[in-house]
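Heads up, target_11.cif below (mmCIF, N, CA and C atoms):
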data_query
#
loop_
_atom_site.label_atom_id
_atom_site.label_comp_id
_atom_site.auth_asym_id
_atom_site.auth_seq_id
_atom_site.Cartn_x
_atom_site.Cartn_y
_atom_site.Cartn_z
N MET U 1142 0.85 -1.18 0.00
CA MET U 1142 0.00 0.00 0.00
C MET U 1142 0.90 1.24 0.00
N TYR U 1143 0.61 2.15 -0.90
CA TYR U 1143 1.35 3.40 -0.93
C TYR U 1143 0.38 4.55 -1.19
N ALA U 1144 0.88 5.76 -0.94
CA ALA U 1144 0.04 6.94 -1.13
C ALA U 1144 0.89 8.08 -1.69
N ILE U 1145 0.22 8.98 -2.38
CA ILE U 1145 0.84 10.22 -2.83
C ILE U 1145 0.27 11.33 -1.94
N VAL U 1146 1.16 12.04 -1.24
CA VAL U 1146 0.73 13.08 -0.31
C VAL U 1146 1.34 14.42 -0.68
N GLU U 1147 0.72 15.47 -0.18
CA GLU U 1147 1.24 16.82 -0.39
C GLU U 1147 1.73 17.35 0.96
N ILE U 1148 3.03 17.67 1.01
CA ILE U 1148 3.62 18.23 2.22
C ILE U 1148 4.35 19.50 1.82
N ALA U 1149 3.95 20.62 2.39
CA ALA U 1149 4.57 21.93 2.14
C ALA U 1149 4.59 22.26 0.65
N GLY U 1150 3.52 21.93 -0.07
CA GLY U 1150 3.39 22.30 -1.47
C GLY U 1150 4.07 21.36 -2.45
N LYS U 1151 4.70 20.29 -1.97
CA LYS U 1151 5.35 19.32 -2.85
C LYS U 1151 4.73 17.95 -2.64
N GLN U 1152 4.80 17.11 -3.69
CA GLN U 1152 4.19 15.79 -3.64
C GLN U 1152 5.24 14.72 -3.41
N TYR U 1153 4.90 13.75 -2.55
CA TYR U 1153 5.81 12.66 -2.21
C TYR U 1153 5.05 11.34 -2.24
N ARG U 1154 5.77 10.29 -2.63
CA ARG U 1154 5.22 8.93 -2.60
C ARG U 1154 5.68 8.29 -1.30
N VAL U 1155 4.74 7.85 -0.47
CA VAL U 1155 5.08 7.30 0.84
C VAL U 1155 4.49 5.91 0.99
N GLU U 1156 5.19 5.10 1.78
CA GLU U 1156 4.72 3.78 2.18
C GLU U 1156 4.89 3.67 3.69
N LYS U 1157 4.24 2.68 4.29
CA LYS U 1157 4.37 2.48 5.73
C LYS U 1157 5.81 2.09 6.06
N ASP U 1158 6.34 2.66 7.14
CA ASP U 1158 7.71 2.44 7.63
C ASP U 1158 8.79 2.97 6.69
N SER U 1159 8.44 3.86 5.76
CA SER U 1159 9.46 4.46 4.90
C SER U 1159 9.93 5.78 5.51
N THR U 1160 11.16 6.15 5.18
CA THR U 1160 11.75 7.39 5.66
C THR U 1160 11.99 8.31 4.47
N ILE U 1161 11.50 9.54 4.55
CA ILE U 1161 11.67 10.48 3.45
C ILE U 1161 12.19 11.81 3.98
N ASN U 1162 12.84 12.55 3.10
CA ASN U 1162 13.30 13.91 3.41
C ASN U 1162 12.36 14.89 2.74
N VAL U 1163 11.79 15.80 3.54
CA VAL U 1163 10.91 16.84 3.03
C VAL U 1163 11.51 18.20 3.37
N ASP U 1164 11.02 19.25 2.73
CA ASP U 1164 11.50 20.59 3.07
C ASP U 1164 11.33 20.84 4.56
N LYS U 1165 12.22 21.63 5.12
CA LYS U 1165 12.25 21.84 6.57
C LYS U 1165 10.89 22.33 7.07
N LEU U 1166 10.36 21.61 8.08
CA LEU U 1166 9.02 21.87 8.58
C LEU U 1166 9.00 22.76 9.81
N GLY U 1167 10.11 22.91 10.50
CA GLY U 1167 10.14 23.72 11.71
C GLY U 1167 9.60 22.99 12.92
N LYS U 1168 9.52 21.68 12.86
CA LYS U 1168 9.08 20.87 14.00
C LYS U 1168 10.30 20.28 14.68
N SER U 1169 10.18 20.01 15.97
CA SER U 1169 11.31 19.45 16.70
C SER U 1169 11.31 17.93 16.59
N GLU U 1170 12.39 17.34 17.06
CA GLU U 1170 12.58 15.89 16.97
C GLU U 1170 11.52 15.16 17.79
N ASN U 1171 11.06 14.02 17.30
CA ASN U 1171 10.06 13.14 17.92
C ASN U 1171 8.65 13.74 17.95
N ASP U 1172 8.38 14.79 17.19
CA ASP U 1172 7.02 15.33 17.08
C ASP U 1172 6.20 14.46 16.15
N GLU U 1173 4.91 14.35 16.42
CA GLU U 1173 3.99 13.63 15.55
C GLU U 1173 3.49 14.59 14.48
N LEU U 1174 3.35 14.09 13.28
CA LEU U 1174 2.90 14.89 12.14
C LEU U 1174 1.74 14.14 11.49
N VAL U 1175 0.58 14.79 11.40
CA VAL U 1175 -0.59 14.18 10.77
C VAL U 1175 -0.78 14.84 9.40
N ILE U 1176 -0.77 14.02 8.36
CA ILE U 1176 -0.91 14.50 6.99
C ILE U 1176 -2.30 14.11 6.51
N ASP U 1177 -3.11 15.12 6.21
CA ASP U 1177 -4.46 14.83 5.71
C ASP U 1177 -4.63 15.21 4.24
N LYS U 1178 -3.59 15.75 3.63
CA LYS U 1178 -3.64 16.09 2.21
C LYS U 1178 -3.13 14.90 1.40
N VAL U 1179 -3.96 13.88 1.28
CA VAL U 1179 -3.64 12.66 0.55
C VAL U 1179 -4.27 12.76 -0.82
N LEU U 1180 -3.44 12.72 -1.86
CA LEU U 1180 -3.93 12.87 -3.23
C LEU U 1180 -4.38 11.55 -3.85
N MET U 1181 -3.69 10.45 -3.48
CA MET U 1181 -4.01 9.16 -4.06
C MET U 1181 -3.58 8.06 -3.10
N VAL U 1182 -4.35 6.98 -3.05
CA VAL U 1182 -4.01 5.80 -2.26
C VAL U 1182 -4.15 4.59 -3.16
N ALA U 1183 -3.11 3.75 -3.19
CA ALA U 1183 -3.14 2.53 -4.00
C ALA U 1183 -2.85 1.34 -3.09
N ASN U 1184 -3.71 0.33 -3.19
CA ASN U 1184 -3.54 -0.89 -2.42
C ASN U 1184 -3.78 -2.06 -3.37
N GLY U 1185 -2.70 -2.58 -3.94
CA GLY U 1185 -2.82 -3.64 -4.93
C GLY U 1185 -3.45 -3.11 -6.20
N ASP U 1186 -4.60 -3.68 -6.58
CA ASP U 1186 -5.28 -3.24 -7.80
C ASP U 1186 -6.27 -2.10 -7.55
N SER U 1187 -6.63 -1.87 -6.29
CA SER U 1187 -7.60 -0.79 -6.00
C SER U 1187 -6.86 0.53 -5.82
N VAL U 1188 -7.36 1.54 -6.50
CA VAL U 1188 -6.75 2.87 -6.46
C VAL U 1188 -7.84 3.89 -6.15
N LEU U 1189 -7.58 4.73 -5.14
CA LEU U 1189 -8.48 5.82 -4.80
C LEU U 1189 -7.80 7.13 -5.17
N ILE U 1190 -8.46 7.92 -5.99
CA ILE U 1190 -7.92 9.21 -6.41
C ILE U 1190 -8.83 10.30 -5.89
N GLY U 1191 -8.24 11.27 -5.21
CA GLY U 1191 -9.01 12.35 -4.62
C GLY U 1191 -9.31 13.46 -5.60
N GLN U 1192 -10.29 14.30 -5.22
CA GLN U 1192 -10.64 15.44 -6.06
C GLN U 1192 -10.74 16.67 -5.19
N PRO U 1193 -9.72 17.35 -4.76
CA PRO U 1193 -8.30 17.06 -4.97
C PRO U 1193 -7.73 16.10 -3.94
N TYR U 1194 -8.39 15.91 -2.78
CA TYR U 1194 -7.85 15.03 -1.74
C TYR U 1194 -8.80 13.88 -1.47
N VAL U 1195 -8.24 12.75 -1.03
CA VAL U 1195 -9.03 11.58 -0.68
C VAL U 1195 -9.69 11.84 0.67
N LYS U 1196 -11.00 11.67 0.74
CA LYS U 1196 -11.71 11.89 2.00
C LYS U 1196 -11.43 10.74 2.96
N ASN U 1197 -11.38 11.06 4.24
CA ASN U 1197 -11.17 10.09 5.32
C ASN U 1197 -9.86 9.33 5.21
N ALA U 1198 -8.85 9.94 4.61
CA ALA U 1198 -7.52 9.34 4.54
C ALA U 1198 -6.59 10.17 5.41
N LYS U 1199 -5.80 9.47 6.23
CA LYS U 1199 -4.92 10.16 7.15
C LYS U 1199 -3.62 9.37 7.27
N ILE U 1200 -2.52 10.08 7.27
CA ILE U 1200 -1.21 9.46 7.41
C ILE U 1200 -0.51 10.10 8.61
N THR U 1201 0.00 9.25 9.48
CA THR U 1201 0.69 9.71 10.68
C THR U 1201 2.18 9.46 10.50
N ALA U 1202 2.98 10.49 10.78
CA ALA U 1202 4.42 10.38 10.64
C ALA U 1202 5.10 10.93 11.89
N LYS U 1203 6.36 10.54 12.08
CA LYS U 1203 7.15 10.99 13.21
C LYS U 1203 8.38 11.70 12.67
N VAL U 1204 8.68 12.88 13.21
CA VAL U 1204 9.84 13.64 12.77
C VAL U 1204 11.09 13.03 13.43
N ILE U 1205 12.02 12.58 12.60
CA ILE U 1205 13.27 12.00 13.11
C ILE U 1205 14.26 13.10 13.46
N GLY U 1206 14.35 14.11 12.62
CA GLY U 1206 15.26 15.22 12.88
C GLY U 1206 15.52 16.02 11.62
N ASP U 1207 16.43 16.97 11.73
CA ASP U 1207 16.80 17.80 10.60
C ASP U 1207 18.11 17.29 10.00
N VAL U 1208 18.17 17.24 8.67
CA VAL U 1208 19.36 16.79 7.96
C VAL U 1208 19.67 17.79 6.86
N LYS U 1209 20.86 17.68 6.30
CA LYS U 1209 21.25 18.52 5.17
C LYS U 1209 21.39 17.64 3.93
N GLY U 1210 21.05 18.21 2.79
CA GLY U 1210 21.14 17.49 1.53
C GLY U 1210 22.56 17.51 0.98
N ASP U 1211 22.72 16.95 -0.20
CA ASP U 1211 24.01 16.93 -0.87
C ASP U 1211 24.41 18.34 -1.28
N LYS U 1212 25.71 18.56 -1.37
CA LYS U 1212 26.21 19.87 -1.77
C LYS U 1212 26.03 20.06 -3.27
N VAL U 1213 25.51 21.21 -3.63
CA VAL U 1213 25.36 21.60 -5.03
C VAL U 1213 26.34 22.74 -5.26
N ARG U 1214 27.17 22.59 -6.29
CA ARG U 1214 28.18 23.60 -6.57
C ARG U 1214 27.80 24.39 -7.81
N GLY U 1215 28.11 25.69 -7.77
CA GLY U 1215 27.89 26.56 -8.91
C GLY U 1215 29.11 27.44 -9.10
N ILE U 1216 29.25 28.00 -10.29
CA ILE U 1216 30.41 28.84 -10.59
C ILE U 1216 29.92 30.14 -11.20
N LYS U 1217 30.49 31.25 -10.72
CA LYS U 1217 30.32 32.54 -11.37
C LYS U 1217 31.62 32.84 -12.08
N PHE U 1218 31.53 33.21 -13.34
CA PHE U 1218 32.74 33.39 -14.15
C PHE U 1218 32.58 34.64 -15.00
N LEU U 1219 33.56 35.53 -14.94
CA LEU U 1219 33.60 36.70 -15.80
C LEU U 1219 34.74 36.49 -16.79
N LYS U 1220 34.41 36.33 -18.07
CA LYS U 1220 35.39 35.87 -19.05
C LYS U 1220 36.50 36.88 -19.33
N ARG U 1221 36.21 38.15 -19.37
CA ARG U 1221 37.25 39.11 -19.71
C ARG U 1221 37.97 39.67 -18.48
N LYS U 1222 37.45 39.40 -17.31
CA LYS U 1222 38.04 39.93 -16.08
C LYS U 1222 38.96 38.91 -15.40
N ARG U 1223 39.00 37.68 -15.93
CA ARG U 1223 39.77 36.59 -15.33
C ARG U 1223 39.35 36.38 -13.87
N HIS U 1224 38.04 36.39 -13.65
CA HIS U 1224 37.50 36.23 -12.31
C HIS U 1224 36.62 34.98 -12.28
N GLU U 1225 36.81 34.17 -11.25
CA GLU U 1225 36.04 32.94 -11.11
C GLU U 1225 35.73 32.74 -9.63
N ARG U 1226 34.47 32.40 -9.33
CA ARG U 1226 34.07 32.19 -7.94
C ARG U 1226 33.22 30.94 -7.85
N THR U 1227 33.53 30.07 -6.91
CA THR U 1227 32.77 28.85 -6.69
C THR U 1227 31.79 29.09 -5.55
N ILE U 1228 30.55 28.65 -5.76
CA ILE U 1228 29.49 28.81 -4.76
C ILE U 1228 28.95 27.43 -4.42
N GLY U 1229 28.77 27.15 -3.14
CA GLY U 1229 28.21 25.88 -2.71
C GLY U 1229 26.95 26.10 -1.89
N HIS U 1230 26.04 25.11 -1.92
CA HIS U 1230 24.78 25.21 -1.18
C HIS U 1230 24.36 23.81 -0.72
N ARG U 1231 23.90 23.72 0.53
CA ARG U 1231 23.31 22.49 1.06
C ARG U 1231 21.94 22.82 1.62
N GLN U 1232 20.92 22.19 1.08
CA GLN U 1232 19.54 22.44 1.48
C GLN U 1232 19.24 21.76 2.81
N ASP U 1233 18.45 22.42 3.66
CA ASP U 1233 18.01 21.83 4.92
C ASP U 1233 16.72 21.05 4.69
N TYR U 1234 16.65 19.85 5.26
CA TYR U 1234 15.48 18.99 5.16
C TYR U 1234 15.06 18.51 6.53
N SER U 1235 13.80 18.15 6.67
CA SER U 1235 13.31 17.43 7.84
C SER U 1235 13.12 15.98 7.41
N GLN U 1236 13.65 15.07 8.20
CA GLN U 1236 13.53 13.65 7.89
C GLN U 1236 12.36 13.09 8.69
N ILE U 1237 11.40 12.47 7.99
CA ILE U 1237 10.23 11.93 8.68
C ILE U 1237 10.08 10.45 8.36
N LYS U 1238 9.49 9.72 9.31
CA LYS U 1238 9.22 8.29 9.13
C LYS U 1238 7.72 8.08 9.21
N ILE U 1239 7.17 7.41 8.19
CA ILE U 1239 5.73 7.15 8.12
C ILE U 1239 5.42 6.00 9.06
N SER U 1240 4.54 6.24 10.03
CA SER U 1240 4.23 5.20 11.01
C SER U 1240 2.89 4.53 10.79
N GLU U 1241 1.93 5.25 10.23
CA GLU U 1241 0.59 4.66 10.08
C GLU U 1241 -0.13 5.30 8.89
N MET U 1242 -0.85 4.46 8.15
CA MET U 1242 -1.67 4.94 7.03
C MET U 1242 -3.09 4.39 7.22
N THR U 1243 -4.08 5.26 7.30
CA THR U 1243 -5.45 4.81 7.48
C THR U 1243 -6.35 5.42 6.40
N VAL U 1244 -7.21 4.58 5.83
CA VAL U 1244 -8.22 5.00 4.88
C VAL U 1244 -9.51 4.35 5.29
N SER U 1245 -10.54 5.18 5.53
CA SER U 1245 -11.81 4.59 5.94
C SER U 1245 -12.92 4.90 4.97
#
Translate the structure of the given file into structure tokens.
Amino acid sequence: MYAIVEIAGKQYRVEKDSTINVDKLGKSENDELVIDKVLMVANGDSVLIGQPYVKNAKITAKVIGDVKGDKVRGIKFLKRKRHERTIGHRQDYSQIKISEMTVS
């Protein structure tokens, strides 16, 4: 059984006991997170698609903590000035673990 959910304006595919990184939520470690914006639920051959959300569907998750993503490097280069600058960025994420999925 898996579901497509919307968290902070982005869509994620989640399953029970899976761990995903989402944009930083501002919640502290071990907080419970209830997600009611479920767009789709699939269980074998049966698929429920919401318009826009599936009614009576709820997903419970636990915040594991904050993590940083991989480093992304960029370069600023001025060709006639012989100037080059390297820029790096690491995005902050909240890591959550899906604990329960209920559809009634």
**Request:** Find the residues near Val1179 of chain U: any atom within 6 Å, counting only N, CA and C atoms, skip ones fewer than 4 places away on the same chain, and give them as a ChimeraX atom specification.
**Result:** /U:1145-1147,1193-1195
**Item:** Output check: residues returned by the PyMOL selection byres ((chain U and resi 1229) around 5), as a list of chain:residue names
**Value:**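 With the shown file as input, the PyMOL selection byres ((chain U and resi 1229) around 5) matches U:Val1213, U:Arg1214, U:Gly1215, U:Thr1227, U:Ile1228, U:His1230, U:Arg1231.
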**Asked** How far is it from atom CA of Asp1211 of chain U to atom CA of Gln1232 of chain U, in Å with one decimal?
**Response**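 One can read the atom CA of Asp1211 of chain U to atom CA of Gln1232 of chain U distance as 7.5 Å.
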**Contact residues around segment 1180-1188 of chain U with only C-alpha atoms at 12 Å, ignoring same-chain residues under 5 positions, as a ChimeraX atom specification** = /U:1142-1148,1151-1157,1193-1200,1242-1245
Just to be explicit: take each residue in the selection above, keep N, CA and C atoms, and write the result as a PDB file, keeping the file's coordinate frame.
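Listed below is the output, selection17.pdb:
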ATOM      1  N   MET U1142       0.850  -1.180   0.000  1.00  0.00           N
ATOM      2  CA  MET U1142       0.000   0.000   0.000  1.00  0.00           C
ATOM      3  C   MET U1142       0.900   1.240   0.000  1.00  0.00           C
ATOM      4  N   TYR U1143       0.610   2.150  -0.900  1.00  0.00           N
ATOM      5  CA  TYR U1143       1.350   3.400  -0.930  1.00  0.00           C
ATOM      6  C   TYR U1143       0.380   4.550  -1.190  1.00  0.00           C
ATOM      7  N   ALA U1144       0.880   5.760  -0.940  1.00  0.00           N
ATOM      8  CA  ALA U1144       0.040   6.940  -1.130  1.00  0.00           C
ATOM      9  C   ALA U1144       0.890   8.080  -1.690  1.00  0.00           C
ATOM     10  N   ILE U1145       0.220   8.980  -2.380  1.00  0.00           N
ATOM     11  CA  ILE U1145       0.840  10.220  -2.830  1.00  0.00           C
ATOM     12  C   ILE U1145       0.270  11.330  -1.940  1.00  0.00           C
ATOM     13  N   VAL U1146       1.160  12.040  -1.240  1.00  0.00           N
ATOM     14  CA  VAL U1146       0.730  13.080  -0.310  1.00  0.00           C
ATOM     15  C   VAL U1146       1.340  14.420  -0.680  1.00  0.00           C
ATOM     16  N   GLU U1147       0.720  15.470  -0.180  1.00  0.00           N
ATOM     17  CA  GLU U1147       1.240  16.820  -0.390  1.00  0.00           C
ATOM     18  C   GLU U1147       1.730  17.350   0.960  1.00  0.00           C
ATOM     19  N   ILE U1148       3.030  17.670   1.010  1.00  0.00           N
ATOM     20  CA  ILE U1148       3.620  18.230   2.220  1.00  0.00           C
ATOM     21  C   ILE U1148       4.350  19.500   1.820  1.00  0.00           C
ATOM     22  N   LYS U1151       4.700  20.290  -1.970  1.00  0.00           N
ATOM     23  CA  LYS U1151       5.350  19.320  -2.850  1.00  0.00           C
ATOM     24  C   LYS U1151       4.730  17.950  -2.640  1.00  0.00           C
ATOM     25  N   GLN U1152       4.800  17.110  -3.690  1.00  0.00           N
ATOM     26  CA  GLN U1152       4.190  15.790  -3.640  1.00  0.00           C
ATOM     27  C   GLN U1152       5.240  14.720  -3.410  1.00  0.00           C
ATOM     28  N   TYR U1153       4.900  13.750  -2.550  1.00  0.00           N
ATOM     29  CA  TYR U1153       5.810  12.660  -2.210  1.00  0.00           C
ATOM     30  C   TYR U1153       5.050  11.340  -2.240  1.00  0.00           C
ATOM     31  N   ARG U1154       5.770  10.290  -2.630  1.00  0.00           N
ATOM     32  CA  ARG U1154       5.220   8.930  -2.600  1.00  0.00           C
ATOM     33  C   ARG U1154       5.680   8.290  -1.300  1.00  0.00           C
ATOM     34  N   VAL U1155       4.740   7.850  -0.470  1.00  0.00           N
ATOM     35  CA  VAL U1155       5.080   7.300   0.840  1.00  0.00           C
ATOM     36  C   VAL U1155       4.490   5.910   0.990  1.00  0.00           C
ATOM     37  N   GLU U1156       5.190   5.100   1.780  1.00  0.00           N
ATOM     38  CA  GLU U1156       4.720   3.780   2.180  1.00  0.00           C
ATOM     39  C   GLU U1156       4.890   3.670   3.690  1.00  0.00           C
ATOM     40  N   LYS U1157       4.240   2.680   4.290  1.00  0.00           N
ATOM     41  CA  LYS U1157       4.370   2.480   5.730  1.00  0.00           C
ATOM     42  C   LYS U1157       5.810   2.090   6.060  1.00  0.00           C
ATOM     43  N   PRO U1193      -9.720  17.350  -4.760  1.00  0.00           N
ATOM     44  CA  PRO U1193      -8.300  17.060  -4.970  1.00  0.00           C
ATOM     45  C   PRO U1193      -7.730  16.100  -3.940  1.00  0.00           C
ATOM     46  N   TYR U1194      -8.390  15.910  -2.780  1.00  0.00           N
ATOM     47  CA  TYR U1194      -7.850  15.030  -1.740  1.00  0.00           C
ATOM     48  C   TYR U1194      -8.800  13.880  -1.470  1.00  0.00           C
ATOM     49  N   VAL U1195      -8.240  12.750  -1.030  1.00  0.00           N
ATOM     50  CA  VAL U1195      -9.030  11.580  -0.680  1.00  0.00           C
ATOM     51  C   VAL U1195      -9.690  11.840   0.670  1.00  0.00           C
ATOM     52  N   LYS U1196     -11.000  11.670   0.740  1.00  0.00           N
ATOM     53  CA  LYS U1196     -11.710  11.890   2.000  1.00  0.00           C
ATOM     54  C   LYS U1196     -11.430  10.740   2.960  1.00  0.00           C
ATOM     55  N   ASN U1197     -11.380  11.060   4.240  1.00  0.00           N
ATOM     56  CA  ASN U1197     -11.170  10.090   5.320  1.00  0.00           C
ATOM     57  C   ASN U1197      -9.860   9.330   5.210  1.00  0.00           C
ATOM     58  N   ALA U1198      -8.850   9.940   4.610  1.00  0.00           N
ATOM     59  CA  ALA U1198      -7.520   9.340   4.540  1.00  0.00           C
ATOM     60  C   ALA U1198      -6.590  10.170   5.410  1.00  0.00           C
ATOM     61  N   LYS U1199      -5.800   9.470   6.230  1.00  0.00           N
ATOM     62  CA  LYS U1199      -4.920  10.160   7.150  1.00  0.00           C
ATOM     63  C   LYS U1199      -3.620   9.370   7.270  1.00  0.00           C
ATOM     64  N   ILE U1200      -2.520  10.080   7.270  1.00  0.00           N
ATOM     65  CA  ILE U1200      -1.210   9.460   7.410  1.00  0.00           C
ATOM     66  C   ILE U1200      -0.510  10.100   8.610  1.00  0.00           C
ATOM     67  N   MET U1242      -0.850   4.460   8.150  1.00  0.00           N
ATOM     68  CA  MET U1242      -1.670   4.940   7.030  1.00  0.00           C
ATOM     69  C   MET U1242      -3.090   4.390   7.220  1.00  0.00           C
ATOM     70  N   THR U1243      -4.080   5.260   7.300  1.00  0.00           N
ATOM     71  CA  THR U1243      -5.450   4.810   7.480  1.00  0.00           C
ATOM     72  C   THR U1243      -6.350   5.420   6.400  1.00  0.00           C
ATOM     73  N   VAL U1244      -7.210   4.580   5.830  1.00  0.00           N
ATOM     74  CA  VAL U1244      -8.220   5.000   4.880  1.00  0.00           C
ATOM     75  C   VAL U1244      -9.510   4.350   5.290  1.00  0.00           C
ATOM     76  N   SER U1245     -10.540   5.180   5.530  1.00  0.00           N
ATOM     77  CA  SER U1245     -11.810   4.590   5.940  1.00  0.00           C
ATOM     78  C   SER U1245     -12.920   4.900   4.970  1.00  0.00           C
TER      79      SER U1245
END
**Complete:** The residue from U:Ile1161, U:Ile1237, U:Leu1189, U:Leu1166 with the smallest atom-to-atom distance to Val1204 of chain U, counting only N, CA and C atoms, is U:Ile1237
**Prompt:** For the atom pair atom CA of Thr1201 of chain U and atom CA of Tyr1234 of chain U, what is the interatomic distance in Å to one decimal place?
**Reply:**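 Interatomic distance here is 18.3 Å.
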**Message:** As an exercise, work out the distance from atom CA of Val1163 of chain U to atom CA of Ile1216 of chain U in Å and give it to one decimal place.
**Reply:**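 These two atoms are separated by 26.6 Å.
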**Item:** strand (DSSP E) positions in chain U, given as a ChimeraX atom specification
**Value:** /U:1143-1148,1151-1156,1160-1164,1173-1176,1179-1184,1187-1190,1198-1209,1213-1219,1224-1230,1233-1244
**Within 7 Å of Asp1172 of chain U using only N, CA and C atoms, minus same-chain residues under 2 positions, as a PyMOL selection string** = chain U and resi 1168-1170+1174+1202-1205
Around all the atoms of segment 1224-1228 of chain U listed in the file, draw an axis-aligned box and extend it by 6 Å on each of the six sides; I want its centre and edge lengths in Å to one decimal, as lines of an AutoDock Vina configuration file.
center_x = 33.5
center_y = 31.9
center_z = -9.0
size_x = 21.1
size_y = 21.0
size_z = 21.2
